[in-house]
file upload-v1.cif (mmCIF, C-alpha atoms (C1' of nucleotides))
data_model
loop_
_atom_site.label_atom_id
_atom_site.label_comp_id
_atom_site.auth_asym_id
_atom_site.auth_seq_id
_atom_site.Cartn_x
_atom_site.Cartn_y
_atom_site.Cartn_z
CA MET A 6 0.27 -21.49 10.00
CA LYS A 7 2.10 -18.36 8.99
CA ILE A 8 0.02 -15.71 7.21
CA VAL A 9 1.61 -12.59 5.71
CA THR A 10 0.29 -9.26 4.49
CA TYR A 11 2.51 -7.32 2.11
CA ASN A 12 1.86 -4.21 0.04
CA ILE A 13 4.37 -4.83 -2.76
CA ASN A 14 3.83 -1.57 -4.71
CA GLY A 15 3.72 -3.23 -8.14
CA ILE A 16 4.28 -6.90 -8.97
CA LYS A 17 6.43 -6.06 -11.98
CA ALA A 18 8.82 -4.08 -9.82
CA ARG A 19 8.95 -6.83 -7.17
CA ILE A 20 9.10 -9.86 -9.44
CA HIS A 21 12.60 -10.82 -8.27
CA ALA A 22 12.59 -9.72 -4.63
CA LEU A 23 9.20 -11.22 -3.73
CA PRO A 24 9.90 -14.83 -4.82
CA GLU A 25 13.31 -14.61 -3.12
CA TRP A 26 11.71 -13.54 0.14
CA LEU A 27 9.09 -16.28 -0.14
CA LYS A 28 11.78 -18.92 -0.63
CA GLU A 29 13.55 -17.67 2.50
CA THR A 30 10.58 -17.41 4.82
CA GLU A 31 8.17 -19.97 3.37
CA PRO A 32 4.91 -18.47 4.60
CA ASP A 33 1.76 -20.57 4.15
CA VAL A 34 -0.48 -17.72 3.01
CA VAL A 35 0.33 -14.28 1.57
CA LEU A 36 -2.15 -11.45 1.08
CA LEU A 37 -0.73 -9.02 -1.47
CA GLN A 38 -1.82 -5.45 -2.10
CA GLU A 39 -1.03 -2.96 -4.87
CA ILE A 40 -0.16 -5.56 -7.46
CA LYS A 41 -0.93 -2.82 -10.04
CA THR A 42 -1.89 -5.14 -12.86
CA VAL A 43 -4.87 -6.84 -14.42
CA ASP A 44 -5.46 -10.53 -13.63
CA GLU A 45 -3.82 -11.68 -16.88
CA GLY A 46 -0.72 -9.62 -16.11
CA PHE A 47 -0.09 -11.33 -12.78
CA PRO A 48 2.73 -13.91 -13.05
CA SER A 49 0.88 -16.71 -11.25
CA GLU A 50 3.26 -19.38 -12.62
CA VAL A 51 6.15 -17.92 -10.65
CA PHE A 52 4.28 -18.53 -7.41
CA GLU A 53 2.71 -21.81 -8.48
CA ASP A 54 6.25 -23.08 -9.08
CA LEU A 55 6.94 -22.27 -5.41
CA GLY A 56 3.95 -24.37 -4.35
CA TYR A 57 1.28 -21.69 -4.00
CA ASN A 58 -2.30 -21.61 -5.17
CA VAL A 59 -2.98 -18.15 -6.58
CA GLU A 60 -6.16 -16.04 -6.66
CA VAL A 61 -6.05 -12.54 -8.13
CA HIS A 62 -8.32 -9.50 -8.17
CA GLY A 63 -6.47 -7.10 -10.43
CA GLN A 64 -6.87 -3.70 -12.01
CA LYS A 65 -4.91 -1.81 -14.64
CA SER A 66 -2.16 0.42 -13.22
CA PHE A 67 -3.54 0.86 -9.72
CA ASN A 68 -4.63 -1.10 -6.66
CA GLY A 69 -5.10 -4.85 -7.13
CA VAL A 70 -4.97 -7.60 -4.50
CA ALA A 71 -4.09 -11.28 -4.53
CA ILE A 72 -3.83 -14.36 -2.33
CA LEU A 73 -1.04 -16.93 -2.42
CA SER A 74 -1.68 -20.10 -0.40
CA LYS A 75 0.12 -23.39 0.06
CA PHE A 76 -3.23 -24.84 1.12
CA PRO A 77 -6.25 -25.08 -1.17
CA LEU A 78 -8.46 -22.00 -1.39
CA GLU A 79 -12.22 -22.11 -1.71
CA ASP A 80 -15.18 -19.72 -1.83
CA VAL A 81 -13.14 -16.86 -3.30
CA VAL A 82 -14.89 -13.48 -3.26
CA ARG A 83 -13.57 -10.46 -5.17
CA GLY A 84 -14.59 -6.94 -4.24
CA LEU A 85 -15.95 -5.52 -0.98
CA PRO A 86 -19.75 -5.88 -1.01
CA GLY A 87 -22.16 -2.98 -0.75
CA ASN A 88 -21.41 -0.70 -3.70
CA ASP A 89 -21.83 -2.04 -7.22
CA GLU A 90 -20.40 1.18 -8.67
CA ASP A 91 -17.04 0.77 -6.95
CA GLU A 92 -14.71 -0.63 -9.60
CA GLN A 93 -11.48 -0.37 -7.61
CA ALA A 94 -9.85 -3.73 -6.86
CA ARG A 95 -9.19 -3.49 -3.13
CA TRP A 96 -10.65 -6.64 -1.57
CA ILE A 97 -10.31 -10.39 -1.94
CA GLU A 98 -11.26 -13.14 0.49
CA ALA A 99 -11.15 -16.92 0.56
CA THR A 100 -11.16 -19.86 2.93
CA VAL A 101 -7.76 -21.48 3.50
CA LEU A 102 -8.24 -25.22 3.86
CA GLY A 103 -5.55 -26.18 6.35
CA ASP A 104 -6.09 -28.40 9.40
CA THR A 105 -8.25 -25.61 10.78
CA PRO A 106 -10.03 -23.71 7.99
CA ILE A 107 -9.37 -19.95 8.19
CA ARG A 108 -11.33 -17.28 6.36
CA VAL A 109 -8.80 -14.70 5.15
CA CYS A 110 -9.67 -11.27 3.78
CA GLY A 111 -7.03 -9.17 2.03
CA LEU A 112 -7.69 -5.46 1.74
CA TYR A 113 -6.19 -2.26 0.39
CA LEU A 114 -8.09 0.48 2.14
CA PRO A 115 -8.27 3.79 0.22
CA ASN A 116 -5.61 6.35 1.10
CA GLY A 117 -8.20 9.15 1.32
CA ASN A 118 -5.94 12.09 0.49
CA PRO A 119 -6.42 14.87 -0.26
CA VAL A 120 -8.91 15.52 2.53
CA GLU A 121 -11.55 17.80 1.07
CA LEU A 122 -14.16 19.19 3.45
CA THR A 123 -17.13 21.48 2.95
CA PRO A 124 -17.27 24.65 5.12
CA ASP A 125 -19.36 22.77 7.69
CA GLY A 126 -16.64 20.12 8.00
CA THR A 127 -18.27 17.22 6.16
CA PRO A 128 -16.33 15.39 3.46
CA VAL A 129 -16.93 16.64 -0.10
CA ILE A 130 -19.15 14.14 -1.89
CA GLY A 131 -17.23 12.38 -4.62
CA GLY A 132 -13.89 13.26 -3.02
CA LYS A 133 -11.18 10.84 -2.01
CA PHE A 134 -11.76 11.27 1.71
CA ALA A 135 -15.48 10.59 1.35
CA TYR A 136 -14.59 7.45 -0.61
CA LYS A 137 -12.32 6.27 2.19
CA LEU A 138 -15.07 6.71 4.79
CA GLU A 139 -17.68 5.10 2.54
CA TRP A 140 -15.34 2.14 2.03
CA MET A 141 -14.81 1.83 5.79
CA GLU A 142 -18.56 1.84 6.31
CA ARG A 143 -18.80 -1.17 3.99
CA LEU A 144 -15.85 -2.77 5.77
CA TYR A 145 -17.76 -2.34 9.04
CA LYS A 146 -20.71 -4.26 7.61
CA ARG A 147 -18.52 -7.03 6.23
CA ALA A 148 -16.79 -7.23 9.62
CA GLN A 149 -20.14 -7.62 11.38
CA ASP A 150 -21.12 -10.49 9.10
CA LEU A 151 -17.74 -12.13 9.54
CA LEU A 152 -18.06 -12.03 13.34
CA ALA A 153 -21.56 -13.49 13.15
CA GLU A 154 -20.12 -16.61 11.53
CA GLU A 155 -18.16 -17.28 14.74
CA VAL A 156 -15.27 -18.91 12.90
CA PRO A 157 -11.51 -18.26 12.77
CA ALA A 158 -11.20 -15.36 10.35
CA LEU A 159 -9.00 -12.34 9.78
CA MET A 160 -9.01 -9.12 7.81
CA THR A 161 -5.53 -7.96 6.90
CA GLY A 162 -3.81 -5.57 4.55
CA ASP A 163 -2.85 -1.96 4.04
CA TYR A 164 -5.43 -0.13 6.14
CA ASN A 165 -3.93 3.31 5.53
CA ILE A 166 -4.71 3.97 9.20
CA ILE A 167 -2.26 5.12 11.89
CA PRO A 168 -4.09 3.82 14.96
CA GLN A 169 -2.22 5.73 17.69
CA PRO A 170 0.42 8.50 17.93
CA GLU A 171 2.99 5.87 18.90
CA ASP A 172 2.44 4.29 15.45
CA ALA A 173 4.19 7.22 13.77
CA ALA A 174 7.74 8.48 14.26
CA ARG A 175 6.45 12.04 13.89
CA PRO A 176 2.73 11.97 14.69
CA HIS A 177 2.50 15.75 14.45
CA ALA A 178 3.46 15.54 10.75
CA TRP A 179 0.40 13.36 10.09
CA GLU A 180 -2.21 15.62 11.67
CA GLY A 181 -4.85 16.30 9.06
CA ASP A 182 -3.76 13.37 6.89
CA ALA A 183 -6.53 10.96 5.93
CA ALA A 184 -4.63 8.16 7.73
CA PHE A 185 -4.75 10.04 11.03
CA ARG A 186 -7.91 12.18 10.84
CA PRO A 187 -10.37 11.79 13.73
CA GLU A 188 -13.07 10.53 11.31
CA SER A 189 -10.74 7.82 10.01
CA LEU A 190 -9.66 6.73 13.49
CA ALA A 191 -13.26 6.68 14.68
CA ALA A 192 -14.21 4.41 11.79
CA TRP A 193 -11.23 2.17 12.59
CA ARG A 194 -12.11 1.93 16.30
CA ARG A 195 -15.76 1.26 15.49
CA ILE A 196 -14.69 -1.82 13.53
CA LEU A 197 -12.18 -2.90 16.18
CA ASN A 198 -14.77 -2.47 18.93
CA LEU A 199 -17.07 -4.99 17.31
CA GLY A 200 -14.74 -7.51 18.93
CA PHE A 201 -11.61 -7.85 16.80
CA THR A 202 -8.09 -8.30 18.13
CA GLU A 203 -5.41 -6.18 16.50
CA ALA A 204 -2.74 -8.86 16.34
CA PHE A 205 0.40 -6.72 16.50
CA ARG A 206 -0.64 -4.77 19.58
CA ALA A 207 -1.79 -8.00 21.24
CA ARG A 208 1.84 -9.12 21.03
CA VAL A 209 4.09 -6.04 21.01
CA GLN A 210 3.91 -2.76 22.96
CA GLY A 211 5.74 0.50 22.60
CA PRO A 212 6.87 2.94 19.89
CA GLU A 213 9.14 2.59 16.85
CA HIS A 214 7.33 -0.27 15.16
CA TYR A 215 6.50 0.73 11.60
CA SER A 216 5.40 -0.99 8.40
CA PHE A 217 5.80 1.87 5.90
CA TRP A 218 8.60 4.32 5.19
CA ASP A 219 8.23 6.85 2.39
CA TYR A 220 10.72 6.64 -0.48
CA GLN A 221 11.33 10.37 -0.04
CA ALA A 222 13.55 12.36 2.29
CA GLY A 223 15.58 9.42 3.56
CA ALA A 224 12.65 8.22 5.66
CA TRP A 225 14.05 4.70 6.04
CA ASN A 226 17.49 5.85 7.14
CA LYS A 227 15.92 8.14 9.74
CA ASN A 228 13.38 5.47 10.76
CA ASP A 229 10.69 8.03 9.96
CA GLY A 230 7.93 5.47 9.50
CA ILE A 231 4.29 4.76 10.22
CA ARG A 232 2.43 1.55 11.10
CA ILE A 233 -0.49 1.17 8.71
CA ASP A 234 -0.52 -2.53 7.78
CA HIS A 235 -2.64 -4.47 10.25
CA PHE A 236 -4.27 -7.77 11.15
CA LEU A 237 -7.73 -7.84 12.69
CA LEU A 238 -8.67 -11.25 14.11
CA THR A 239 -12.08 -12.60 15.07
CA PRO A 240 -12.22 -14.03 18.62
CA GLN A 241 -11.99 -17.57 17.25
CA CYS A 242 -8.88 -16.56 15.33
CA ALA A 243 -7.37 -14.57 18.23
CA ASP A 244 -7.55 -17.78 20.29
CA LEU A 245 -5.08 -19.28 17.80
CA LEU A 246 -2.62 -16.35 17.79
CA LEU A 247 0.95 -17.35 18.61
CA ASP A 248 2.92 -14.39 17.29
CA CYS A 249 2.85 -11.28 15.09
CA GLN A 250 5.90 -9.54 13.70
CA ILE A 251 6.92 -6.85 11.24
CA GLU A 252 9.74 -7.73 8.82
CA SER A 253 11.25 -4.24 8.83
CA GLU A 254 14.60 -5.57 7.63
CA VAL A 255 13.08 -6.08 4.16
CA ARG A 256 12.82 -2.29 3.73
CA GLY A 257 16.62 -2.04 3.65
CA ARG A 258 17.08 -4.50 0.78
CA GLU A 259 17.62 -3.85 -2.93
CA LYS A 260 14.66 -2.29 -4.75
CA PRO A 261 12.23 -2.51 -1.84
CA SER A 262 8.54 -1.72 -1.67
CA ASP A 263 7.79 1.23 0.60
CA HIS A 264 5.87 -1.24 2.83
CA VAL A 265 7.29 -4.36 4.51
CA PRO A 266 5.70 -7.75 5.21
CA VAL A 267 3.81 -8.24 8.46
CA TRP A 268 2.87 -11.73 9.60
CA VAL A 269 0.93 -13.72 12.16
CA GLU A 270 1.65 -17.25 13.30
CA LEU A 271 -1.52 -19.17 14.16
CA ALA A 272 -1.90 -22.50 15.96
CA ALA A 273 -3.81 -23.85 13.00
"C1'" DA B 19 21.38 22.24 7.31
"C1'" DT B 20 18.47 21.07 3.52
"C1'" DG B 21 16.38 18.26 0.39
"C1'" DG B 22 15.96 14.19 -1.23
"C1'" DC B 23 11.16 8.97 -4.50
"C1'" DC B 24 9.06 5.41 -6.95
"C1'" DG B 25 5.88 2.74 -10.19
"C1'" DG B 26 2.97 2.63 -14.22
"C1'" DT B 27 1.78 4.44 -18.57
"C1'" DG B 28 3.56 5.04 -22.81
"C1'" DG B 29 6.95 6.82 -25.13
"C1'" DA B 30 7.07 12.85 -22.33
"C1'" DA B 31 5.42 14.27 -18.52
"C1'" DC B 32 1.88 13.13 -15.32
"C1'" DC B 33 -0.87 10.69 -11.87
"C1'" DG B 34 -1.07 8.35 -7.54
"C1'" DG B 35 0.87 7.08 -3.45
"C1'" DA B 36 1.10 8.24 2.17
#

call {"tool": "encode", "arguments": {"input": "upload-v1.cif", "output": "structure tokens"}}
result
Amino acid sequence: MKIVTYNINGIKARIHALPEWLKETEPDVVLLQEIKTVDEGFPSEVFEDLGYNVEVHGQKSFNGVAILSKFPLEDVVRGLPGNDEDEQARWIEATVLGDTPIRVCGLYLPNGNPVELTPDGTPVIGGKFAYKLEWMERLYKRAQDLLAEEVPALMTGDYNIIPQPEDAARPHAWEGDAAFRPESLAAWRRILNLGFTEAFRARVQGPEHYSFWDYQAGAWNKNDGIRIDHFLLTPQCADLLLDCQIESEVRGREKPSDHVPVWVELAA
DNA sequence: ATGGCCGGTGGAACCGGA
């Protein structure tokens, strides 16, 4: 089973390129981020015509996540639990009913910039960076519960986290950014250390593997990228891992998103 | 060498992204 994560930066802007890519690569499951539309604005028919079941958790203008699946989906949950006041659409999960059922969680983790700190170095309450860390705290709890189920499951999406210096072409340029702050990386490692496998690094070592290139300053042409789209697998899911790759070629196509698809192949 | 964008909203600039 091939499962893809892809931050498409607006479904309206990607309405031609995305179906084309799906026809070419025929993934079984796709977790989309930044659809940037309300549920009713999402063109589900386009994907249903390609054989996908579609579940959407949308929001006007910003954020928004969705799942496309060639297998039936059940037990769909929208929104990351733990904060009823959070109205941003950044989380959707469901069980994919293939030969081996897989729980898939699609996430769009807050960017967190600008980083605003009080004089004693703690994040300003109500600020974007505080929101990122609060969201990661809830992600930690959801991750704990997911592991306790002891089933094949994964959490994938745009984490807005640069895990290591080798995951940026110019790591120095990202010092102080919310994606590379010590607090952010600590929260990331704390989740990982619960017992998840980061699929890409389980398969591929070394620098120059990126999943995002800014639209500005010719970043793509200079390969000035960062790797921020990740798969975290539970042990039962990691046992099924066959491969994980980044489709960087997609960034060079007509009218691309600033992110590219990343996928895992599972023996499921 | 330097600087360079894009999407959505709404109908012009502005916000948000990373």

call {"tool": "atom_distance", "arguments": {"input": "upload-v1.cif", "atom1": "atom CA of A:Arg232", "atom2": "atom CA of A:Thr30"}}
result
21.6 Å

call {"tool": "resolve_selection", "arguments": {"input": "upload-v1.cif", "expression": "the PyMOL selection byres ((chain A) within 12 of (chain B))", "output": "ChimeraX atom specification"}}
result
/A:12-19,39-42,64-68,115-119,133,163-167,178-179,182-185,216-226,230-233,260-264

call {"tool": "atom_distance", "arguments": {"input": "upload-v1.cif", "atom1": "atom CA of A:Asp104", "atom2": "atom CA of A:Glu29"}}
result
23.4 Å

call {"tool": "resolve_selection", "arguments": {"input": "upload-v1.cif", "expression": "the PyMOL selection byres ((chain A and resi 122-131) around 12)", "output": "ChimeraX atom specification"}}
result
/A:91,117-121,132-139,181,183,186-189

call {"tool": "closest_residue", "arguments": {"input": "upload-v1.cif", "among": "A:Asn198, A:Asn58, A:Gln169, A:Asn228", "to": "A:Leu102", "atoms": "only C-alpha atoms"}}
result
A:Asn58

call {"tool": "atom_distance", "arguments": {"input": "upload-v1.cif", "atom1": "atom CA of A:Met141", "atom2": "atom CA of A:Glu155"}}
result
21.4 Å

call {"tool": "decode", "arguments": {"input": "upload-v1.cif", "residues": "chain B", "atoms": "C-alpha atoms (C1' of nucleotides)", "output": "CSV table (one decimal), in the first residue's frame"}}
result
chain,number,residue,atom,x,y,z
B,19,DA,C1',26.4,40.1,-7.7
B,20,DT,C1',21.8,40.9,-6.2
B,21,DG,C1',17.2,40.0,-5.8
B,22,DG,C1',13.8,37.5,-6.9
B,23,DC,C1',7.0,34.4,-4.7
B,24,DC,C1',2.5,32.6,-4.4
B,25,DG,C1',-2.5,31.8,-2.9
B,26,DG,C1',-6.8,33.6,-1.2
B,27,DT,C1',-9.8,37.3,-0.5
B,28,DG,C1',-12.3,40.4,-3.0
B,29,DG,C1',-12.1,43.5,-6.2
B,30,DA,C1',-6.9,47.0,-3.9
B,31,DA,C1',-3.7,45.9,-1.1
B,32,DC,C1',-2.9,42.7,2.6
B,33,DC,C1',-2.3,38.5,5.3
B,34,DG,C1',0.0,34.2,5.8
B,35,DG,C1',3.3,31.1,4.5
B,36,DA,C1',8.5,29.0,5.9
